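See below for the structure under consideration.
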Amino acid sequence: MIPSVNDSGSRTIGLLAYLYGPGKHEEHVDPHLVASFDGMSPDPGRDPNSTLKELQELLDQPVMALAEHARPAKHVWHTSVRADPGDRTLSDEEWAGIARRIVAATGIDPGEGQPGCRWVAVRHADDHIHIVATLVTEDGHRPDDFRSGARAQSEARLIEKELGLHQVQPGDGTAAQRPTSAERHKAKRQGRERTARETLRETVRRAVTGARSDEEFFARLAAAGLLIRKRTAPSGDLLGYKVALHDDLNKDCEPVFYPGARLAPDLSLPRIRERWSGDPTPDQEDPVRTRPSTPAAARRATASVAWQAVLVVEHGDDAVAAAHIAAAGEVLDALAATSAAHTRRELHAAATAFERASRSHVRAVRGHDRALRQAARDLVHGGNALGRGEDGASTAMAIDMLFFLITVAAHWHARKGHAQQAQAAARAAEHLRAAYQPAAAQPLSVLHARGRRLSRPVIQRQTALLRDTLPGLAERILAEPGWYALAATIAEAEAAGHDPAALLSTAVERRELDTADQVSDVLVWRLRRTADLPADASALPEKSTAGNRTAKRGSTTRPSASGRRRNGQEVPGRSR
């Protein structure tokens with residue numbers, strides 16, 4: 001149940017006319033009063049002898065009783081209280097009780113003999129009511145409605161428990177501001193899928209991803225097509241900024257600007273600058289070290305950094321863990337912005353969901369997250385990835401590693417009691433899981449086919465290796481379809497000179513395998529990353545696998561009509 005307290009207004013009659021009217025799109029059905037300050041206010045919805053003017057005058061009476069100079073300029077208080085879509089339909093009597101509790105909790109009408117304001121609760125839909133009050137008490141004073149929004153939320157949590165409704169997780173004040181109903185209606189009129197506020201928030205979030213200076217940040221905003229206004233001190237120092245869309249205009253045909261802090265708490269200029277406060281300056285960077293210059297290289301680097309970040313979030317100091325979680329949001333933004341079409345939707349949804357999980361009251365100490373921020377920067381500068389070849393396979397590798405990082409972040413938030421952030425991270429992980437499937441399908445099918453072509457002695461040897469090295473996981477892995485892809489990867493790693501037992505042991509030292517759909521898939525990407533094997537095996541000659549080389553030494557081959565037979569299987573063409 002969500003109470004949404006709006007800023008006060010100045011025209012009681014205007015708000016009543018809207019609530020009792022048909023709505024913007026005929027969505028108001030049977031508007032009527034369910035409760036009021038005196039229990040017997042006129043109801044223009046159900047009583048044909050009552051008028052809106054009569055109701056307005058009754059509500060405004062304490063305001064008009066004051067001398068004109070003493071009347072508040074904005075005296076209309078308004079909140080909507082909306083049930084969850086999954087809740088049962090509440091009766092008028094239940095909504096009346098909810099309205100009385102909300103006005104008491106917010107100080108509008110505290111009861112218990114204390115003077116209150118005049119108010120009415122109007123219902124014009126099954127799932128919500130609107131409460132309208134005038135902000136002058138019966139004895140002519142201003143009500144004690146300080147922080148009425150937070151007080152309404154607290155009371156709503158109690159109501160949900162008592163009525164058996166969906167229980168909304170309590171917030172901590174770090175969430176981004178929701179679009180207002182006016183913004184939503186405006187977007188709908190203009191044919192937009194999202195409000196201007198939401199579009200600006202995402203654009204600013206992407207602009208700050210991996211940025212290292214004010215200049216770079218504002219250049220990205222300009223390149224994205226936003227209008228920018230900067231706020232400067234008399235000294236010329238930059239203090240803040242506002243952004244607007246070119247085609248989002250007010251009634252005077254002027255662009256509607258939003259300060260960064262009104263988009264999200266961490267998008268104010270001071271909070272943005274904290275991100276790059278720990279980044280190296282150009283003269284501090286190692287001139288010898290080369291950064292990934294291709295989408296595939298950037299994704300492999302991202303997988304490695306995410307792998308290291310898992311341990312930091314699990315075992316690091318809270319402030320350091322919070323920094324890594326915030327930087328993980330930048331990596332998701334960068335990956336979504338540069339992804340191929342078949343993964344873009346789910347990656348975008350993951351980044352959007354995780355935005356809520358990137359902030360909490362645990363203040364991040366920046367600088368420790370440098371590697372993740374650099375990974376985000378590399379993704380941006382590496383450019384858009386193709387959905388095939390090494391680009392596509394390294395995308396699957398990066399998504400696989402990020403899934404575990406985001407899952408660990410969800411657990412971290414849950415341990416801290418950050419309910420909303422934990423839920424947001426869990427949703428992001430599910431979107432990553434969905435994005436992984438199309439990304440991994442082709443590269444894993446190549447590996448699966450290679451694994452199926454390994455000789456029986458090689459498969460038997462690798463089965464024994466798996467049982468010896470991972471006794472607790474071996475039978476589960478052997479039963480998975482991905483076992484053959486893992487077998488092919490082990491063979492490649494062995495051919496490259498690696499100890500497969502050591503690789504497997506290292507791969508399972510990192511936990512979270514219990515959240516994987518296919519443990520074999522996870523081990524494939526961990527082994528390929530650790531052994532520095534190409535993410536896409538389709539370009540590798542099959543004779544490079546140690547398994548086939550070993551088998552060849554112990555087998556005989558004879559020519560066939562279509563080529564040669566190796567290890568009892570037909571191999572087309574000449575042996576290379």
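Ordering of the structure tokens sets the chain letters (A, B, ...), residue numbers begin anew at 1 in every chain, and ligands are numbered from 1 in the order given.
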For Pro170 of chain A, list every protein, DNA or RNA residue within 10 Å, evaluated using only C-alpha atoms, and leave out those in the same chain fewer than 5 positions away; present the list as a ChimeraX atom specification.
/A:153-154,156-157,418-420
Hey, can you spit out that residue selection with N, CA and C atoms as a PDB file, in the first residue's frame?
```pdb
ATOM      1  N   GLN A 153       3.715   6.637   5.318  1.00  0.00           N
ATOM      2  CA  GLN A 153       4.316   5.361   4.928  1.00  0.00           C
ATOM      3  C   GLN A 153       4.400   4.410   6.128  1.00  0.00           C
ATOM      4  N   SER A 154       4.819   4.937   7.270  1.00  0.00           N
ATOM      5  CA  SER A 154       4.929   4.090   8.459  1.00  0.00           C
ATOM      6  C   SER A 154       3.579   3.502   8.850  1.00  0.00           C
ATOM      7  N   ALA A 156       1.083   3.014   6.856  1.00  0.00           N
ATOM      8  CA  ALA A 156       0.679   2.067   5.809  1.00  0.00           C
ATOM      9  C   ALA A 156       1.276   0.688   6.059  1.00  0.00           C
ATOM     10  N   ARG A 157       2.516   0.640   6.576  1.00  0.00           N
ATOM     11  CA  ARG A 157       3.133  -0.657   6.865  1.00  0.00           C
ATOM     12  C   ARG A 157       2.324  -1.409   7.935  1.00  0.00           C
ATOM     13  N   HIS A 418      18.698  -4.075   4.254  1.00  0.00           N
ATOM     14  CA  HIS A 418      18.296  -3.172   3.169  1.00  0.00           C
ATOM     15  C   HIS A 418      17.301  -3.925   2.267  1.00  0.00           C
ATOM     16  N   ALA A 419      16.057  -3.969   2.677  1.00  0.00           N
ATOM     17  CA  ALA A 419      15.082  -4.831   1.997  1.00  0.00           C
ATOM     18  C   ALA A 419      14.864  -4.434   0.543  1.00  0.00           C
ATOM     19  N   GLN A 420      14.656  -3.145   0.298  1.00  0.00           N
ATOM     20  CA  GLN A 420      14.389  -2.719  -1.079  1.00  0.00           C
ATOM     21  C   GLN A 420      15.597  -2.967  -1.974  1.00  0.00           C
TER      22      GLN A 420
END
```
Can you tell me, as a PyMOL selection string, what residues are no more than 12 Å from Ala422 of chain A when counting only C-alpha atoms, ignoring any on the same chain fewer than 6 positions away?
chain A and resi 169-171+325+353-360+406-416+428-429
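Atom CA of Arg366 of chain A to atom CA of Glu274 of chain A spans 6.6 Å [interatomic distance, one decimal].
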Long-range neighbours of segment 378-382 of chain A as a PyMOL selection string, 12 Å cut-off, only C-alpha atoms, 6 positions minimum in chain
chain A and resi 206-211+220+290-303+305+330-339+371-372+391+394-395+398
Write out as number ranges by chain the residues lying within 12 Å of Ile2 of chain A, counting only C-alpha atoms and excluding same-chain residues fewer than 4 positions away.
A: 79-85, 98, 102, 127-130, 149-157, 159-160, 165-171, 178
Write the residues of the preceding selection, restricted to C-alpha atoms, as an mmCIF file, in the first residue's frame.
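Below you can see result02.cif, which holds the result:
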```
data_model
loop_
_atom_site.group_PDB
_atom_site.id
_atom_site.type_symbol
_atom_site.label_atom_id
_atom_site.label_comp_id
_atom_site.auth_asym_id
_atom_site.auth_seq_id
_atom_site.Cartn_x
_atom_site.Cartn_y
_atom_site.Cartn_z
ATOM 1 C CA THR A 79 -2.599 12.267 -0.800
ATOM 2 C CA SER A 80 -3.557 9.159 -2.697
ATOM 3 C CA VAL A 81 -3.403 5.753 -1.011
ATOM 4 C CA ARG A 82 -3.055 2.878 -3.474
ATOM 5 C CA ALA A 83 -3.296 -0.859 -2.852
ATOM 6 C CA ASP A 84 -0.937 -3.351 -4.482
ATOM 7 C CA PRO A 85 -2.256 -4.873 -7.758
ATOM 8 C CA ILE A 98 -7.555 3.493 6.249
ATOM 9 C CA ILE A 102 -3.682 8.135 7.593
ATOM 10 C CA ASP A 127 -7.610 0.080 -5.833
ATOM 11 C CA HIS A 128 -7.147 3.530 -4.285
ATOM 12 C CA ILE A 129 -8.599 6.560 -2.555
ATOM 13 C CA HIS A 130 -7.708 10.257 -2.484
ATOM 14 C CA GLY A 149 4.794 11.588 3.806
ATOM 15 C CA ALA A 150 7.114 9.489 5.971
ATOM 16 C CA ARG A 151 4.488 9.240 8.696
ATOM 17 C CA ALA A 152 1.911 8.050 6.157
ATOM 18 C CA GLN A 153 4.316 5.361 4.928
ATOM 19 C CA SER A 154 4.929 4.090 8.459
ATOM 20 C CA GLU A 155 1.203 3.839 9.140
ATOM 21 C CA ALA A 156 0.679 2.067 5.809
ATOM 22 C CA ARG A 157 3.133 -0.657 6.865
ATOM 23 C CA ILE A 159 -2.226 -1.312 7.959
ATOM 24 C CA GLU A 160 -0.820 -3.869 5.518
ATOM 25 C CA LEU A 165 -2.326 -7.011 2.361
ATOM 26 C CA HIS A 166 0.891 -7.130 0.359
ATOM 27 C CA GLN A 167 3.622 -5.771 2.611
ATOM 28 C CA VAL A 168 5.740 -3.140 0.909
ATOM 29 C CA GLN A 169 9.347 -3.201 2.018
ATOM 30 C CA PRO A 170 10.149 -0.032 3.973
ATOM 31 C CA GLY A 171 12.465 2.413 2.277
ATOM 32 C CA ARG A 178 9.069 8.539 -8.374
#
```
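For the pair atom CA of Leu221 of chain A and atom CA of Gly260 of chain A, the separation is 11.9 Å.
Of the listed residues (A:Gly316, A:Pro42, A:Gly116, A:Gly14), A:Gly116 comes nearest to Val136 of chain A; the distances count only C-alpha atoms.
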Please give the complete set of residues from segment 197-418 of chain A that DSSP, run on the backbone, assigns to strand (DSSP E or B), formatted as a PyMOL selection string.
chain A and resi 227-232+238-244+249+255+258-259
For Thr343 of chain A: contacts at 10 Å, only C-alpha atoms, fewer than 4 positions along chain excluded, given as number ranges by chain:
A: 335-336, 339, 347-348, 387, 392, 395-396, 431-432, 434-439
In segment 16-105 of chain A, DSSP helix (DSSP H, G or I) residues written as a compact mmCIF listing (two decimals) with N, CA and C atoms, in the first residue's frame:
```txt
# COMPACT_ATOMS: atom_id res chain seq x y z
N LEU A 16 -11.21 18.92 -6.22
CA LEU A 16 -12.46 18.16 -6.09
C LEU A 16 -13.08 17.89 -7.46
N ALA A 17 -13.03 18.88 -8.35
CA ALA A 17 -13.60 18.69 -9.69
C ALA A 17 -12.90 17.57 -10.43
N TYR A 18 -11.58 17.47 -10.24
CA TYR A 18 -10.84 16.38 -10.90
C TYR A 18 -11.22 15.03 -10.29
N LEU A 19 -11.27 14.96 -8.95
CA LEU A 19 -11.54 13.68 -8.30
C LEU A 19 -12.94 13.17 -8.59
N TYR A 20 -13.91 14.08 -8.70
CA TYR A 20 -15.28 13.67 -8.99
C TYR A 20 -15.57 13.62 -10.48
N LEU A 52 -20.34 20.22 -5.75
CA LEU A 52 -18.92 20.38 -5.46
C LEU A 52 -18.67 21.68 -4.72
N LYS A 53 -19.39 22.71 -5.09
CA LYS A 53 -19.22 24.02 -4.44
C LYS A 53 -19.57 23.93 -2.96
N GLU A 54 -20.62 23.20 -2.66
CA GLU A 54 -21.03 23.04 -1.27
C GLU A 54 -19.96 22.32 -0.46
N LEU A 55 -19.37 21.27 -1.04
CA LEU A 55 -18.31 20.52 -0.36
C LEU A 55 -17.06 21.38 -0.21
N GLN A 56 -16.73 22.11 -1.24
CA GLN A 56 -15.54 22.97 -1.18
C GLN A 56 -15.69 24.03 -0.10
N GLU A 57 -16.84 24.65 0.00
CA GLU A 57 -17.05 25.71 1.01
C GLU A 57 -16.98 25.13 2.42
N LEU A 58 -17.47 23.92 2.59
CA LEU A 58 -17.39 23.30 3.90
C LEU A 58 -15.93 23.06 4.30
N LEU A 59 -15.13 22.54 3.37
CA LEU A 59 -13.72 22.27 3.66
C LEU A 59 -12.94 23.56 3.89
N ASP A 60 -13.25 24.59 3.14
CA ASP A 60 -12.49 25.84 3.21
C ASP A 60 -12.92 26.76 4.34
N GLN A 61 -13.96 26.40 5.06
CA GLN A 61 -14.52 27.31 6.06
C GLN A 61 -13.49 27.77 7.10
N PRO A 62 -12.67 26.89 7.70
CA PRO A 62 -11.66 27.37 8.66
C PRO A 62 -10.63 28.31 8.02
N VAL A 63 -10.34 28.09 6.75
CA VAL A 63 -9.38 28.96 6.04
C VAL A 63 -9.99 30.35 5.85
N MET A 64 -11.22 30.39 5.40
CA MET A 64 -11.87 31.66 5.13
C MET A 64 -12.18 32.43 6.40
N GLU A 68 -7.59 37.79 5.83
CA GLU A 68 -7.04 37.47 4.51
C GLU A 68 -5.52 37.36 4.53
N HIS A 69 -4.85 38.24 5.30
CA HIS A 69 -3.39 38.22 5.32
C HIS A 69 -2.85 37.00 6.07
N ALA A 70 -3.71 36.36 6.90
CA ALA A 70 -3.25 35.22 7.70
C ALA A 70 -3.51 33.88 7.02
N ASP A 92 -15.66 -0.17 0.95
CA ASP A 92 -15.69 1.25 1.31
C ASP A 92 -15.40 1.44 2.80
N GLU A 93 -15.92 0.52 3.63
CA GLU A 93 -15.69 0.64 5.06
C GLU A 93 -14.22 0.47 5.40
N GLU A 94 -13.55 -0.45 4.72
CA GLU A 94 -12.11 -0.64 4.96
C GLU A 94 -11.32 0.58 4.51
N TRP A 95 -11.68 1.12 3.36
CA TRP A 95 -10.98 2.33 2.90
C TRP A 95 -11.24 3.51 3.84
N ALA A 96 -12.45 3.58 4.40
CA ALA A 96 -12.75 4.66 5.34
C ALA A 96 -11.85 4.55 6.57
N GLY A 97 -11.67 3.32 7.07
CA GLY A 97 -10.79 3.13 8.22
C GLY A 97 -9.35 3.50 7.89
N ILE A 98 -8.92 3.15 6.68
CA ILE A 98 -7.56 3.49 6.25
C ILE A 98 -7.39 5.01 6.20
N ALA A 99 -8.39 5.70 5.65
CA ALA A 99 -8.32 7.16 5.55
C ALA A 99 -8.20 7.80 6.93
N ARG A 100 -8.98 7.34 7.88
CA ARG A 100 -8.93 7.91 9.23
C ARG A 100 -7.56 7.69 9.87
N ARG A 101 -6.97 6.53 9.64
CA ARG A 101 -5.66 6.26 10.22
C ARG A 101 -4.57 7.11 9.57
N ILE A 102 -4.70 7.33 8.29
CA ILE A 102 -3.68 8.13 7.59
C ILE A 102 -3.73 9.59 8.05
N VAL A 103 -4.93 10.17 8.16
CA VAL A 103 -5.01 11.58 8.57
C VAL A 103 -4.58 11.74 10.03
N ALA A 104 -4.81 10.72 10.84
CA ALA A 104 -4.37 10.79 12.24
C ALA A 104 -2.85 10.69 12.32
N ALA A 105 -2.28 9.76 11.57
CA ALA A 105 -0.83 9.55 11.63
C ALA A 105 -0.06 10.75 11.08
```
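Distance-wise, atom CA of Ile477 of chain A and atom CA of Glu430 of chain A end up 22.1 Å apart.
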Using only C-alpha atoms, which protein or nucleic acid residues come within 12 Å of Arg467 of chain A? Drop anything in the same chain fewer than 5 positions from it, and give the result as a short mmCIF file (atom, residue, chain, number, x, y, z; two decimals) with all heavy atoms, in the first residue's frame.
```
data_model
loop_
_atom_site.label_atom_id
_atom_site.label_comp_id
_atom_site.auth_asym_id
_atom_site.auth_seq_id
_atom_site.Cartn_x
_atom_site.Cartn_y
_atom_site.Cartn_z
N GLN A 460 36.51 -40.74 -20.08
CA GLN A 460 36.63 -41.51 -18.85
C GLN A 460 37.69 -40.91 -17.92
O GLN A 460 37.51 -40.84 -16.69
CB GLN A 460 36.98 -42.96 -19.19
CG GLN A 460 35.83 -43.72 -19.82
CD GLN A 460 36.24 -45.12 -20.28
OE1 GLN A 460 37.43 -45.40 -20.47
NE2 GLN A 460 35.25 -45.99 -20.46
N ARG A 461 38.81 -40.48 -18.52
CA ARG A 461 39.87 -39.88 -17.71
C ARG A 461 39.40 -38.58 -17.07
O ARG A 461 39.69 -38.29 -15.91
CB ARG A 461 41.10 -39.63 -18.60
CG ARG A 461 42.28 -39.02 -17.87
CD ARG A 461 43.55 -39.18 -18.69
NE ARG A 461 43.40 -38.65 -20.03
CZ ARG A 461 43.58 -37.37 -20.35
NH1 ARG A 461 43.88 -36.51 -19.40
NH2 ARG A 461 43.45 -36.96 -21.59
N GLN A 462 38.67 -37.78 -17.83
CA GLN A 462 38.19 -36.50 -17.29
C GLN A 462 37.09 -36.71 -16.26
O GLN A 462 36.96 -35.94 -15.32
CB GLN A 462 37.72 -35.60 -18.43
CG GLN A 462 38.87 -35.17 -19.34
CD GLN A 462 38.47 -34.06 -20.27
OE1 GLN A 462 37.33 -33.58 -20.24
NE2 GLN A 462 39.40 -33.63 -21.10
N GLY A 472 32.06 -33.49 -4.29
CA GLY A 472 30.73 -33.06 -3.89
C GLY A 472 29.87 -32.55 -5.03
O GLY A 472 28.65 -32.44 -4.89
N LEU A 473 30.48 -32.22 -6.17
CA LEU A 473 29.75 -31.66 -7.30
C LEU A 473 29.77 -32.56 -8.52
O LEU A 473 29.01 -32.32 -9.48
CB LEU A 473 30.35 -30.30 -7.69
CG LEU A 473 30.17 -29.14 -6.71
CD1 LEU A 473 31.01 -27.95 -7.14
CD2 LEU A 473 28.69 -28.73 -6.66
N ALA A 474 30.64 -33.56 -8.52
CA ALA A 474 30.89 -34.32 -9.74
C ALA A 474 29.63 -34.94 -10.33
O ALA A 474 29.37 -34.80 -11.54
CB ALA A 474 31.94 -35.40 -9.46
N GLU A 475 28.83 -35.62 -9.53
CA GLU A 475 27.67 -36.32 -10.08
C GLU A 475 26.64 -35.34 -10.66
O GLU A 475 26.02 -35.62 -11.68
CB GLU A 475 27.03 -37.21 -9.02
CG GLU A 475 27.96 -38.31 -8.49
CD GLU A 475 28.63 -39.10 -9.61
OE1 GLU A 475 27.94 -39.44 -10.60
OE2 GLU A 475 29.85 -39.37 -9.50
N ARG A 476 26.50 -34.20 -9.99
CA ARG A 476 25.58 -33.19 -10.53
C ARG A 476 26.07 -32.68 -11.88
O ARG A 476 25.30 -32.55 -12.83
CB ARG A 476 25.44 -32.02 -9.55
CG ARG A 476 24.62 -30.87 -10.09
CD ARG A 476 24.51 -29.73 -9.10
NE ARG A 476 23.86 -28.56 -9.71
CZ ARG A 476 23.67 -27.41 -9.09
NH1 ARG A 476 24.05 -27.25 -7.83
NH2 ARG A 476 23.08 -26.41 -9.71
N ILE A 477 27.37 -32.42 -11.97
CA ILE A 477 27.93 -31.90 -13.23
C ILE A 477 27.82 -32.93 -14.34
O ILE A 477 27.45 -32.61 -15.47
CB ILE A 477 29.41 -31.49 -13.01
CG1 ILE A 477 29.48 -30.28 -12.06
CG2 ILE A 477 30.07 -31.15 -14.34
CD1 ILE A 477 30.89 -29.95 -11.62
N LEU A 478 28.13 -34.19 -14.02
CA LEU A 478 28.09 -35.24 -15.04
C LEU A 478 26.68 -35.46 -15.58
O LEU A 478 26.50 -35.95 -16.71
CB LEU A 478 28.64 -36.55 -14.45
CG LEU A 478 30.14 -36.55 -14.16
CD1 LEU A 478 30.52 -37.78 -13.35
CD2 LEU A 478 30.94 -36.48 -15.45
N ALA A 501 43.32 -30.13 -12.68
CA ALA A 501 42.86 -30.31 -11.31
C ALA A 501 42.99 -29.01 -10.53
O ALA A 501 42.09 -28.62 -9.76
CB ALA A 501 43.66 -31.42 -10.63
N LEU A 504 40.27 -26.54 -11.70
CA LEU A 504 38.94 -26.85 -11.17
C LEU A 504 38.85 -26.49 -9.69
O LEU A 504 37.83 -25.94 -9.23
CB LEU A 504 38.65 -28.34 -11.36
CG LEU A 504 38.29 -28.78 -12.79
CD1 LEU A 504 38.30 -30.30 -12.89
CD2 LEU A 504 36.94 -28.22 -13.20
N SER A 505 39.90 -26.77 -8.94
CA SER A 505 39.89 -26.46 -7.51
C SER A 505 39.77 -24.96 -7.29
O SER A 505 39.01 -24.49 -6.43
CB SER A 505 41.16 -26.99 -6.84
OG SER A 505 41.21 -28.39 -6.93
#
```
